[in-house]
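A.B. asks: My structure file work05.cif, mmCIF, C-alpha atoms, is below:
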```cif
data_run
#
loop_
_atom_site.label_atom_id
_atom_site.label_comp_id
_atom_site.auth_asym_id
_atom_site.auth_seq_id
_atom_site.Cartn_x
_atom_site.Cartn_y
_atom_site.Cartn_z
CA MET A 17 1.59 25.16 12.84
CA GLN A 18 1.22 28.49 11.16
CA ASN A 19 1.08 28.72 7.45
CA ALA A 20 3.16 31.71 6.51
CA LYS A 21 1.61 33.56 3.63
CA LYS A 22 4.29 34.23 1.10
CA LEU A 23 4.01 35.91 -2.25
CA PRO A 24 4.70 33.56 -5.13
CA GLN A 25 8.03 34.27 -6.77
CA LYS A 26 7.48 35.43 -10.26
CA ASP A 27 9.63 34.12 -13.04
CA HIS A 28 11.69 36.75 -14.75
CA VAL A 29 11.72 36.73 -18.50
CA THR A 30 14.40 38.67 -20.31
CA PRO A 31 12.92 40.59 -23.22
CA LEU A 32 14.90 40.76 -26.44
CA VAL A 33 16.05 44.30 -27.13
CA ASP A 34 17.53 45.90 -30.22
CA VAL A 35 19.88 48.83 -29.79
CA LEU A 36 20.07 51.50 -32.45
CA GLU A 37 22.09 54.68 -32.62
CA SER A 38 21.78 57.87 -34.57
CA GLY A 39 23.67 61.12 -34.35
CA GLU A 40 21.11 62.50 -31.92
CA SER A 41 19.97 59.55 -29.86
CA PHE A 42 20.04 55.92 -28.89
CA ARG A 43 16.97 53.83 -29.37
CA LEU A 44 15.98 50.64 -27.60
CA VAL A 45 13.31 48.48 -29.18
CA ALA A 46 11.77 45.54 -27.33
CA ASP A 47 8.97 43.10 -28.03
CA LEU A 48 6.51 43.03 -25.15
CA PRO A 49 3.36 41.44 -26.51
CA GLY A 50 0.28 41.57 -24.36
CA VAL A 51 1.64 44.10 -21.90
CA PRO A 52 -0.78 46.92 -21.13
CA ASP A 53 0.56 50.45 -20.67
CA GLU A 54 -0.11 50.51 -16.96
CA ALA A 55 1.89 47.37 -16.34
CA LEU A 56 5.05 48.82 -17.81
CA ASP A 57 7.66 50.28 -15.51
CA ILE A 58 10.68 52.12 -16.83
CA SER A 59 12.99 53.77 -14.35
CA VAL A 60 16.43 55.29 -14.39
CA ASP A 61 18.71 55.36 -11.41
CA LYS A 62 22.35 56.43 -11.56
CA ARG A 63 22.57 55.82 -15.29
CA VAL A 64 21.01 52.37 -14.98
CA LEU A 65 17.77 51.96 -16.88
CA THR A 66 15.46 49.26 -15.60
CA LEU A 67 12.68 47.90 -17.72
CA SER A 68 10.08 45.74 -16.06
CA THR A 69 6.46 44.80 -16.20
CA VAL A 70 4.28 44.52 -13.16
CA ARG A 71 1.22 42.39 -13.62
CA GLU A 72 -1.19 40.93 -11.13
CA ASP A 73 -2.59 38.45 -13.57
CA SER A 74 0.65 36.94 -14.70
CA GLU A 75 3.03 34.39 -13.21
CA TRP A 76 6.02 35.95 -14.87
CA GLU A 77 7.52 39.38 -15.38
CA TYR A 78 9.72 40.98 -17.94
CA HIS A 79 12.88 42.38 -16.44
CA ARG A 80 16.03 43.85 -17.89
CA THR A 81 18.57 46.52 -17.00
CA PHE A 82 20.88 48.62 -19.13
CA LYS A 83 23.86 50.73 -18.21
CA LEU A 84 23.39 53.93 -20.15
CA PRO A 85 26.25 55.59 -21.98
CA GLU A 86 27.65 58.79 -20.50
CA ASP A 87 26.28 61.02 -23.22
CA VAL A 88 22.61 60.17 -22.67
CA ASP A 89 20.47 63.08 -21.56
CA LEU A 90 18.52 61.44 -18.75
CA ASP A 91 15.85 64.16 -18.69
CA GLY A 92 14.92 63.59 -22.29
CA ILE A 93 14.23 59.87 -22.19
CA ALA A 94 10.88 58.99 -23.75
CA ALA A 95 9.10 55.69 -24.25
CA SER A 96 6.13 54.50 -26.23
CA LEU A 97 4.36 51.18 -26.44
CA HIS A 98 2.59 50.30 -29.65
CA ALA A 99 1.34 46.99 -31.08
CA GLY A 100 3.28 45.10 -28.45
CA THR A 101 6.55 46.83 -29.26
CA LEU A 102 8.25 49.20 -26.85
CA THR A 103 10.47 51.97 -28.14
CA ILE A 104 12.67 53.94 -25.75
CA GLU A 105 14.31 57.05 -27.13
CA LEU A 106 17.44 58.20 -25.32
CA PRO A 107 18.59 61.54 -26.63
CA LYS A 108 22.24 62.40 -26.51
CA GLY A 109 23.05 65.50 -24.56
CA THR A 110 24.73 68.25 -26.52
CA GLN A 111 28.36 68.68 -25.64
CA SER A 112 27.99 72.38 -25.44
CA ARG A 113 25.21 72.14 -22.90
CA VAL A 114 27.16 73.05 -19.86
CA ARG A 115 25.22 74.15 -16.85
CA LYS A 116 26.24 77.54 -15.83
CA VAL A 117 25.83 78.35 -12.22
CA ALA A 118 25.00 81.96 -11.76
CA LEU A 119 26.71 83.78 -9.03
CA THR A 120 24.38 85.81 -6.99
CA MET B 6 -6.59 27.69 -51.11
CA LEU B 7 -3.14 26.56 -50.19
CA ASN B 8 -2.73 22.83 -50.51
CA ARG B 9 0.75 22.30 -49.24
CA PHE B 10 1.84 22.27 -45.63
CA ILE B 11 4.80 24.36 -44.73
CA GLU B 12 6.20 23.45 -41.35
CA LEU B 13 8.35 26.14 -39.83
CA ASP B 14 10.35 25.70 -36.70
CA PRO B 15 9.21 28.08 -34.00
CA LEU B 16 11.69 30.93 -33.92
CA ARG B 17 13.53 31.77 -30.76
CA THR B 18 11.40 34.83 -30.19
CA MET B 19 8.24 32.80 -30.42
CA ASP B 20 9.54 30.27 -27.94
CA LEU B 21 10.33 33.00 -25.47
CA MET B 22 6.90 34.47 -25.83
CA LEU B 23 5.12 31.16 -25.71
CA ASP B 24 6.93 30.20 -22.52
CA GLY B 25 5.25 33.01 -20.72
CA LEU B 26 2.02 33.29 -22.57
CA PHE B 27 -0.71 30.89 -21.59
CA PRO B 28 -4.16 32.19 -22.31
CA GLU B 29 -6.34 31.94 -19.24
CA MET B 30 -9.79 30.89 -20.21
CA SER B 31 -12.78 30.20 -18.08
CA ALA B 32 -14.25 27.24 -19.99
CA PRO B 33 -12.34 23.95 -19.78
CA GLN B 34 -9.92 23.74 -22.67
CA ARG B 35 -8.93 20.76 -24.68
CA ARG B 36 -5.72 21.01 -26.59
CA VAL B 37 -6.13 20.23 -30.26
CA ARG B 38 -3.56 17.71 -31.40
CA THR B 39 -1.06 19.50 -33.61
CA SER B 40 2.68 19.13 -33.86
CA ARG B 41 4.12 21.02 -30.88
CA ALA B 42 1.64 23.81 -31.40
CA THR B 43 -0.13 25.13 -28.35
CA GLU B 44 -1.56 28.19 -30.00
CA LEU B 45 -4.78 26.48 -31.06
CA ARG B 46 -7.15 25.42 -28.32
CA GLU B 47 -10.63 24.04 -28.31
CA ASN B 48 -13.62 23.76 -26.09
CA GLU B 49 -17.22 22.77 -26.60
CA ASP B 50 -18.22 26.04 -28.21
CA GLN B 51 -15.26 27.22 -30.20
CA TYR B 52 -11.67 27.00 -31.33
CA THR B 53 -9.30 29.72 -30.19
CA PHE B 54 -6.01 30.68 -31.77
CA GLU B 55 -3.67 32.90 -29.84
CA LEU B 56 -0.10 33.78 -30.68
CA ALA B 57 2.27 36.63 -29.91
CA MET B 58 3.22 38.56 -33.02
CA PRO B 59 4.69 41.81 -31.73
CA GLY B 60 5.07 44.65 -34.15
CA LEU B 61 3.06 42.91 -36.82
CA LYS B 62 1.10 45.25 -39.03
CA GLU B 63 -2.33 44.27 -40.29
CA ASP B 64 -1.20 44.11 -43.89
CA GLU B 65 1.50 41.62 -42.92
CA LEU B 66 -1.16 39.17 -41.82
CA ASP B 67 -3.13 36.84 -44.05
CA LEU B 68 -5.96 34.75 -42.65
CA GLU B 69 -8.11 32.23 -44.41
CA VAL B 70 -10.94 30.31 -42.88
CA GLY B 71 -13.18 27.53 -44.11
CA GLU B 72 -15.67 25.30 -42.38
CA ASN B 73 -12.97 22.83 -41.41
CA PHE B 74 -9.73 24.74 -41.59
CA LEU B 75 -7.86 27.80 -40.48
CA GLU B 76 -4.81 29.13 -42.22
CA VAL B 77 -2.59 31.77 -40.71
CA LYS B 78 0.20 33.48 -42.58
CA ALA B 79 2.23 36.26 -41.03
CA ALA B 80 5.57 37.80 -41.88
CA ARG B 81 7.34 40.52 -40.00
CA SER B 82 10.55 42.00 -41.22
CA LEU B 83 12.68 44.28 -39.13
CA ASP B 84 14.03 47.41 -40.71
CA VAL B 85 16.52 49.95 -39.49
CA PRO B 86 14.91 53.38 -39.38
CA GLU B 87 16.53 56.08 -41.43
CA GLY B 88 19.37 57.87 -39.76
CA PHE B 89 20.01 55.04 -37.36
CA GLU B 90 22.65 52.38 -37.24
CA LEU B 91 22.10 48.99 -35.72
CA ARG B 92 24.29 48.45 -32.70
CA ARG B 93 22.74 45.24 -31.47
CA ARG B 94 20.03 43.00 -32.87
CA GLU B 95 18.33 40.53 -30.55
CA ARG B 96 14.85 40.52 -31.99
CA SER B 97 14.24 38.69 -35.21
CA GLY B 98 11.87 39.01 -38.05
CA PHE B 99 9.59 36.07 -38.33
CA GLU B 100 7.54 34.15 -40.76
CA PHE B 101 4.66 32.08 -39.58
CA GLN B 102 2.59 29.88 -41.80
CA ARG B 103 0.33 27.16 -40.55
CA ARG B 104 -2.80 25.46 -41.70
CA TYR B 105 -5.00 23.75 -39.16
CA GLN B 106 -7.52 21.09 -39.99
CA LEU B 107 -10.50 21.55 -37.69
CA PRO B 108 -12.41 18.35 -36.97
CA ASP B 109 -15.57 20.18 -35.96
CA ARG B 110 -17.23 22.50 -38.43
CA VAL B 111 -17.00 26.18 -37.64
CA ASP B 112 -19.43 28.97 -38.35
CA VAL B 113 -17.32 30.89 -40.86
CA GLU B 114 -19.43 34.05 -40.66
CA ALA B 115 -18.94 34.27 -36.92
CA VAL B 116 -15.15 33.97 -36.95
CA GLU B 117 -13.43 36.95 -35.36
CA ALA B 118 -9.80 37.97 -35.43
CA LYS B 119 -8.09 40.78 -33.62
CA LEU B 120 -4.54 42.01 -33.31
CA GLU B 121 -4.17 43.70 -29.97
CA ARG B 122 -0.94 44.69 -28.20
CA GLY B 123 0.96 42.47 -30.57
CA ILE B 124 -1.13 39.38 -29.91
CA LEU B 125 -3.19 37.80 -32.62
CA LYS B 126 -6.34 36.22 -31.29
CA ILE B 127 -8.82 34.37 -33.45
CA THR B 128 -12.05 32.86 -32.18
CA LEU B 129 -13.84 30.33 -34.32
CA PRO B 130 -17.26 29.46 -32.97
CA LYS B 131 -18.41 25.99 -33.81
CA HIS B 132 -21.33 25.41 -36.02
CA ALA B 133 -24.53 24.86 -34.05
CA SER B 134 -24.86 21.33 -35.36
CA GLU B 135 -21.49 20.42 -33.80
CA LYS B 136 -22.38 21.53 -30.33
CA PRO B 137 -23.95 19.07 -27.98
CA ARG B 138 -27.64 19.63 -27.62
CA LYS B 139 -29.58 19.00 -24.53
CA ILE B 140 -32.76 17.17 -25.28
CA ALA B 141 -35.64 18.14 -23.06
CA VAL B 142 -37.77 15.26 -21.93
CA LYS B 143 -41.41 16.06 -22.31
CA PRO B 144 -43.46 15.18 -19.25
CA ALA B 145 -45.82 12.31 -19.74
CA SER B 146 -49.31 13.62 -20.35
#
```
Please render this file's structure as C-alpha coordinates.

C.D. replies:
Amino acid sequence: MQNAKKLPQKDHVTPLVDVLESGESFRLVADLPGVPDEALDISVDKRVLTLSTVREDSEWEYHRTFKLPEDVDLDGIAASLHAGTLTIELPKGTQSRVRKVALT
Amino acid sequence: MLNRFIELDPLRTMDLMLDGLFPEMSAPQRRVRTSRATELRENEDQYTFELAMPGLKEDELDLEVGENFLEVKAARSLDVPEGFELRRRERSGFEFQRRYQLPDRVDVEAVEAKLERGILKITLPKHASEKPRKIAVKPAS
(Lines of atoms letter the chains of each structure in order from A and count residues from 1; the text may use other names and numbers.)
(Lines give C-alpha, C1' and ligand atoms only; values in the text may rest on other atoms or scores of the structure.)
Protein backbone atom coordinates (compact mmCIF):
# COMPACT_ATOMS: atom_id res chain seq x y z
CA MET A 1 0.00 0.00 0.00
CA GLN A 2 1.51 3.26 -1.08
CA ASN A 3 1.58 6.16 1.26
CA ALA A 4 0.71 9.18 -0.81
CA LYS A 5 2.72 12.16 0.28
CA LYS A 6 0.38 15.06 0.68
CA LEU A 7 1.13 18.56 1.82
CA PRO A 8 -0.49 19.41 5.13
CA GLN A 9 -3.39 21.80 4.72
CA LYS A 10 -2.58 25.03 6.39
CA ASP A 11 -5.17 26.76 8.48
CA HIS A 12 -6.19 30.13 7.17
CA VAL A 13 -6.36 32.94 9.65
CA THR A 14 -8.20 36.10 8.70
CA PRO A 15 -6.24 39.15 9.74
CA LEU A 16 -8.14 42.10 11.15
CA VAL A 17 -7.93 45.09 8.82
CA ASP A 18 -8.84 48.72 9.31
CA VAL A 19 -9.92 50.74 6.31
CA LEU A 20 -9.22 54.44 6.16
CA GLU A 21 -9.93 56.99 3.47
CA SER A 22 -8.53 60.38 2.66
CA GLY A 23 -9.09 62.65 -0.30
CA GLU A 24 -6.10 61.14 -2.08
CA SER A 25 -6.05 57.50 -1.06
CA PHE A 26 -7.42 54.52 0.78
CA ARG A 27 -5.36 52.92 3.46
CA LEU A 28 -5.54 49.37 4.78
CA VAL A 29 -3.92 48.64 8.12
CA ALA A 30 -3.51 45.08 9.38
CA ASP A 31 -1.83 43.48 12.37
CA LEU A 32 0.54 40.74 11.27
CA PRO A 33 2.82 40.09 14.21
CA GLY A 34 5.82 37.88 13.63
CA VAL A 35 5.58 37.91 9.85
CA PRO A 36 8.90 38.57 8.13
CA ASP A 37 8.97 40.72 4.99
CA GLU A 38 9.77 37.83 2.70
CA ALA A 39 6.77 35.83 3.86
CA LEU A 40 4.32 38.52 2.88
CA ASP A 41 2.52 38.28 -0.43
CA ILE A 42 0.34 41.07 -1.73
CA SER A 43 -1.10 40.74 -5.21
CA VAL A 44 -3.73 42.46 -7.26
CA ASP A 45 -5.71 40.76 -9.96
CA LYS A 46 -8.69 42.33 -11.70
CA ARG A 47 -9.27 44.80 -8.89
CA VAL A 48 -9.08 42.08 -6.24
CA LEU A 49 -6.30 42.54 -3.73
CA THR A 50 -5.11 39.39 -2.02
CA LEU A 51 -3.11 39.54 1.15
CA SER A 52 -1.43 36.38 2.33
CA THR A 53 1.59 35.12 4.16
CA VAL A 54 3.62 32.19 3.01
CA ARG A 55 5.67 30.54 5.70
CA GLU A 56 7.46 27.24 5.78
CA ASP A 57 7.75 27.22 9.53
CA SER A 58 4.14 27.82 10.33
CA GLU A 59 1.05 25.63 10.38
CA TRP A 60 -1.22 28.49 9.51
CA GLU A 61 -1.36 31.34 7.03
CA TYR A 62 -2.92 34.74 6.96
CA HIS A 63 -5.28 35.17 4.05
CA ARG A 64 -7.72 37.86 3.05
CA THR A 65 -9.06 39.40 -0.15
CA PHE A 66 -10.51 42.81 -0.89
CA LYS A 67 -12.46 44.09 -3.84
CA LEU A 68 -10.92 47.44 -4.63
CA PRO A 69 -13.04 50.47 -5.42
CA GLU A 70 -13.09 51.66 -9.03
CA ASP A 71 -11.11 54.80 -8.35
CA VAL A 72 -7.99 53.06 -7.02
CA ASP A 73 -4.88 53.58 -9.12
CA LEU A 74 -3.57 50.02 -9.25
CA ASP A 75 -0.09 51.10 -10.36
CA GLY A 76 0.42 53.25 -7.32
CA ILE A 77 -0.30 50.70 -4.61
CA ALA A 78 2.42 50.60 -1.96
CA ALA A 79 2.84 48.52 1.17
CA SER A 80 5.08 48.63 4.20
CA LEU A 81 5.49 46.33 7.15
CA HIS A 82 6.68 47.81 10.41
CA ALA A 83 6.57 46.55 14.00
CA GLY A 84 4.17 43.81 13.00
CA THR A 85 1.74 46.20 11.34
CA LEU A 86 1.13 46.24 7.61
CA THR A 87 0.04 49.42 5.89
CA ILE A 88 -1.18 49.34 2.30
CA GLU A 89 -1.61 52.66 0.56
CA LEU A 90 -4.02 52.70 -2.36
CA PRO A 91 -3.91 56.02 -4.15
CA LYS A 92 -6.98 57.25 -5.92
CA GLY A 93 -6.51 57.90 -9.58
CA THR A 94 -7.14 61.45 -10.69
CA GLN A 95 -10.31 61.85 -12.66
CA SER A 96 -8.59 63.92 -15.23
CA ARG A 97 -6.00 61.26 -15.90
CA VAL A 98 -7.35 59.98 -19.12
CA ARG A 99 -5.03 57.99 -21.28
CA LYS A 100 -4.68 59.55 -24.60
CA VAL A 101 -3.87 57.26 -27.40
CA ALA A 102 -1.75 58.99 -29.95
CA LEU A 103 -2.55 58.45 -33.52
CA THR A 104 0.44 57.68 -35.56
CA MET B 1 6.02 47.82 42.90
CA LEU B 2 2.44 47.17 42.03
CA ASN B 3 0.67 45.17 44.69
CA ARG B 4 -2.70 44.64 43.17
CA PHE B 5 -3.59 42.14 40.48
CA ILE B 6 -5.53 43.42 37.55
CA GLU B 7 -7.04 40.61 35.53
CA LEU B 8 -7.98 41.61 32.02
CA ASP B 9 -9.87 39.42 29.66
CA PRO B 10 -7.83 38.63 26.58
CA LEU B 11 -9.08 40.89 23.82
CA ARG B 12 -10.36 39.44 20.60
CA THR B 13 -7.23 40.46 18.76
CA MET B 14 -5.05 38.69 21.27
CA ASP B 15 -7.09 35.52 20.98
CA LEU B 16 -6.73 35.54 17.23
CA MET B 17 -3.01 35.99 17.49
CA LEU B 18 -2.57 33.45 20.23
CA ASP B 19 -4.49 30.85 18.24
CA GLY B 20 -1.82 30.89 15.62
CA LEU B 21 1.21 31.75 17.62
CA PHE B 22 2.90 28.92 19.45
CA PRO B 23 6.56 29.53 20.07
CA GLU B 24 8.61 26.60 18.89
CA MET B 25 11.39 25.93 21.28
CA SER B 26 13.99 23.25 21.26
CA ALA B 27 14.19 22.52 24.99
CA PRO B 28 11.21 20.72 26.55
CA GLN B 29 8.77 23.28 27.86
CA ARG B 30 6.67 23.14 30.94
CA ARG B 31 3.71 25.43 31.07
CA VAL B 32 3.66 27.61 34.15
CA ARG B 33 0.30 27.44 35.86
CA THR B 34 -1.45 30.76 35.33
CA SER B 35 -5.07 31.53 34.62
CA ARG B 36 -5.59 30.79 30.93
CA ALA B 37 -2.28 32.37 30.09
CA THR B 38 -0.03 30.53 27.70
CA GLU B 39 2.37 33.37 27.11
CA LEU B 40 4.68 32.40 29.96
CA ARG B 41 6.60 29.17 29.60
CA GLU B 42 9.32 27.55 31.59
CA ASN B 43 12.08 25.06 31.22
CA GLU B 44 15.04 24.04 33.33
CA ASP B 45 17.11 27.08 32.44
CA GLN B 46 14.72 29.95 32.05
CA TYR B 47 11.26 31.43 31.86
CA THR B 48 10.11 32.79 28.52
CA PHE B 49 7.35 35.29 27.91
CA GLU B 50 6.07 35.73 24.40
CA LEU B 51 3.04 37.69 23.27
CA ALA B 52 1.93 39.40 20.09
CA MET B 53 1.64 43.14 20.52
CA PRO B 54 1.52 44.52 17.00
CA GLY B 55 2.12 48.19 16.52
CA LEU B 56 3.24 48.68 20.09
CA LYS B 57 5.84 51.37 20.52
CA GLU B 58 8.61 50.96 23.06
CA ASP B 59 7.36 53.81 25.20
CA GLU B 60 3.97 52.11 25.46
CA LEU B 61 5.58 49.19 27.23
CA ASP B 62 6.46 48.98 30.90
CA LEU B 63 8.37 46.01 32.27
CA GLU B 64 9.37 45.29 35.81
CA VAL B 65 11.35 42.33 36.97
CA GLY B 66 12.36 41.03 40.38
CA GLU B 67 13.91 37.81 41.52
CA ASN B 68 10.53 36.12 41.77
CA PHE B 69 8.22 38.15 39.60
CA LEU B 70 7.66 39.63 36.20
CA GLU B 71 5.26 42.43 35.51
CA VAL B 72 4.22 43.42 32.02
CA LYS B 73 2.19 46.50 31.24
CA ALA B 74 1.39 47.51 27.69
CA ALA B 75 -1.17 49.82 26.18
CA ARG B 76 -1.74 50.49 22.54
CA SER B 77 -4.23 53.03 21.36
CA LEU B 78 -5.28 53.35 17.76
CA ASP B 79 -5.44 56.78 16.25
CA VAL B 80 -6.76 57.99 12.95
CA PRO B 81 -4.00 59.70 10.99
CA GLU B 82 -4.59 63.28 10.00
CA GLY B 83 -6.50 63.76 6.80
CA PHE B 84 -8.05 60.32 6.98
CA GLU B 85 -11.47 59.14 7.93
CA LEU B 86 -12.15 55.77 9.43
CA ARG B 87 -14.27 53.64 7.15
CA ARG B 88 -13.96 50.38 9.02
CA ARG B 89 -12.34 49.44 12.30
CA GLU B 90 -11.57 45.79 12.99
CA ARG B 91 -8.40 46.12 14.99
CA SER B 92 -8.64 47.25 18.56
CA GLY B 93 -6.43 49.07 20.92
CA PHE B 94 -5.41 46.96 23.82
CA GLU B 95 -4.30 47.13 27.37
CA PHE B 96 -2.35 44.33 28.88
CA GLN B 97 -1.33 44.18 32.48
CA ARG B 98 -0.18 41.05 34.21
CA ARG B 99 2.06 40.18 37.08
CA TYR B 100 3.56 36.73 37.25
CA GLN B 101 4.89 35.15 40.39
CA LEU B 102 7.91 33.06 39.45
CA PRO B 103 8.53 30.12 41.76
CA ASP B 104 12.19 29.81 40.78
CA ARG B 105 14.49 32.75 41.32
CA VAL B 106 15.66 34.51 38.19
CA ASP B 107 18.92 36.26 37.48
CA VAL B 108 17.57 39.80 37.17
CA GLU B 109 20.70 41.17 35.50
CA ALA B 110 20.47 38.60 32.73
CA VAL B 111 16.85 39.26 31.81
CA GLU B 112 16.41 40.29 28.19
CA ALA B 113 13.41 41.76 26.44
CA LYS B 114 12.93 42.54 22.80
CA LEU B 115 10.10 43.83 20.68
CA GLU B 116 10.51 42.47 17.21
CA ARG B 117 7.95 42.45 14.38
CA GLY B 118 5.28 43.25 16.90
CA ILE B 119 6.10 40.38 19.22
CA LEU B 120 7.32 40.98 22.72
CA LYS B 121 9.72 38.32 23.88
CA ILE B 122 11.25 38.25 27.32
CA THR B 123 13.74 35.65 28.50
CA LEU B 124 14.39 35.29 32.20
CA PRO B 125 17.30 32.99 32.94
CA LYS B 126 17.05 31.21 36.22
CA HIS B 127 19.46 31.87 38.96
CA ALA B 128 22.31 29.36 39.01
CA SER B 129 21.26 28.07 42.39
CA GLU B 130 17.85 27.06 40.98
CA LYS B 131 19.22 24.95 38.19
CA PRO B 132 19.87 21.31 38.81
CA ARG B 133 23.52 20.59 39.30
CA LYS B 134 25.21 17.46 38.28
CA ILE B 135 27.46 16.20 41.00
CA ALA B 136 30.57 14.51 39.73
CA VAL B 137 31.54 11.41 41.61
CA LYS B 138 35.20 11.40 42.41
CA PRO B 139 36.89 8.11 41.62
CA ALA B 140 38.01 6.18 44.63
CA SER B 141 41.71 6.69 45.18

A.B. asks: Please expand the PyMOL selection byres ((chain A and resi 60-71) around 12) into the concrete residues it hits in this file, giving the result as a ChimeraX atom specification.

C.D. replies: /A:26-33,44-59,72-95,102-106

A.B. asks: When distances are computed from all atoms listed in the file, which of A:Pro107, A:Thr101, A:Ser96, A:Ser41 shows the smallest separation from chain B?

C.D. replies: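 Residue with the minimum atom-to-atom distance to chain B: A:Thr101.
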
A.B. asks: Please provide the set of residues having any atom within 6 Å of segment 103-109 of chain B, restricted to all atoms listed in the file, with same-chain residues fewer than 3 positions apart removed, written as a PyMOL selection string.

C.D. replies: chain B and resi 73-77

A.B. asks: Go ahead and save the residues from that selection, with C-alpha atoms, as a CSV table (one decimal), in the coordinates of the input.

C.D. replies:
```
chain,number,residue,atom,x,y,z
B,73,ASN,CA,-13.0,22.8,-41.4
B,74,PHE,CA,-9.7,24.7,-41.6
B,75,LEU,CA,-7.9,27.8,-40.5
B,76,GLU,CA,-4.8,29.1,-42.2
B,77,VAL,CA,-2.6,31.8,-40.7
```

A.B. asks: When you get a sec, could you note down which chain B residues fall within 7 Å of chain A, using all atoms listed in the file, as a list of chain:residue names?

C.D. replies: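 Taken together, these residues fit the definition: B:Gly25, B:Ala57, B:Pro59, B:Gly60, B:Gly88, B:Phe89, B:Glu90, B:Leu91, B:Arg92, B:Arg93, B:Arg94, B:Glu95, B:Arg96, B:Glu121, B:Arg122, B:Gly123, B:Ile124.
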
A.B. asks: Point out the residue among B:Pro137, B:Leu56, B:Gly71, B:His132 with the least atom-to-atom distance to Phe101 of chain B, counting all atoms listed in the file.

C.D. replies: B:Leu56

A.B. asks: Could you check how far atom CA of Gln102 of chain B sits from atom CA of Lys136 of chain B, in Å to one decimal?

C.D. replies: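 Straight-line distance from atom CA of Gln102 of chain B to atom CA of Lys136 of chain B works out to 28.7 Å.
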
A.B. asks: To one decimal place, how far is atom CA of Gln51 of chain B from atom CA of Ala141 of chain B in Å?

C.D. replies: 23.4 Å

A.B. asks: Would you mind reading off the distance between atom CA of Glu63 of chain B and atom CA of Arg110 of chain B, one decimal, in Å?

C.D. replies: 26.4 Å

A.B. asks: Residue by residue, what does the PyMOL selection byres ((chain B and resi 128) around 6) grab here? Present the result as number ranges by chain.

C.D. replies: B: 52-53, 116-117, 127, 129

A.B. asks: Include C-alpha atoms and write out the residues we just selected as a JSON list (two decimals), in the coordinates of the input.

C.D. replies:
```json
[["chain", "number", "residue", "atom", "x", "y", "z"],
["B", 52, "TYR", "CA", -11.67, 27.00, -31.33],
["B", 53, "THR", "CA", -9.30, 29.72, -30.19],
["B", 116, "VAL", "CA", -15.15, 33.97, -36.95],
["B", 117, "GLU", "CA", -13.43, 36.95, -35.36],
["B", 127, "ILE", "CA", -8.82, 34.37, -33.45],
["B", 129, "LEU", "CA", -13.84, 30.33, -34.32]]
```
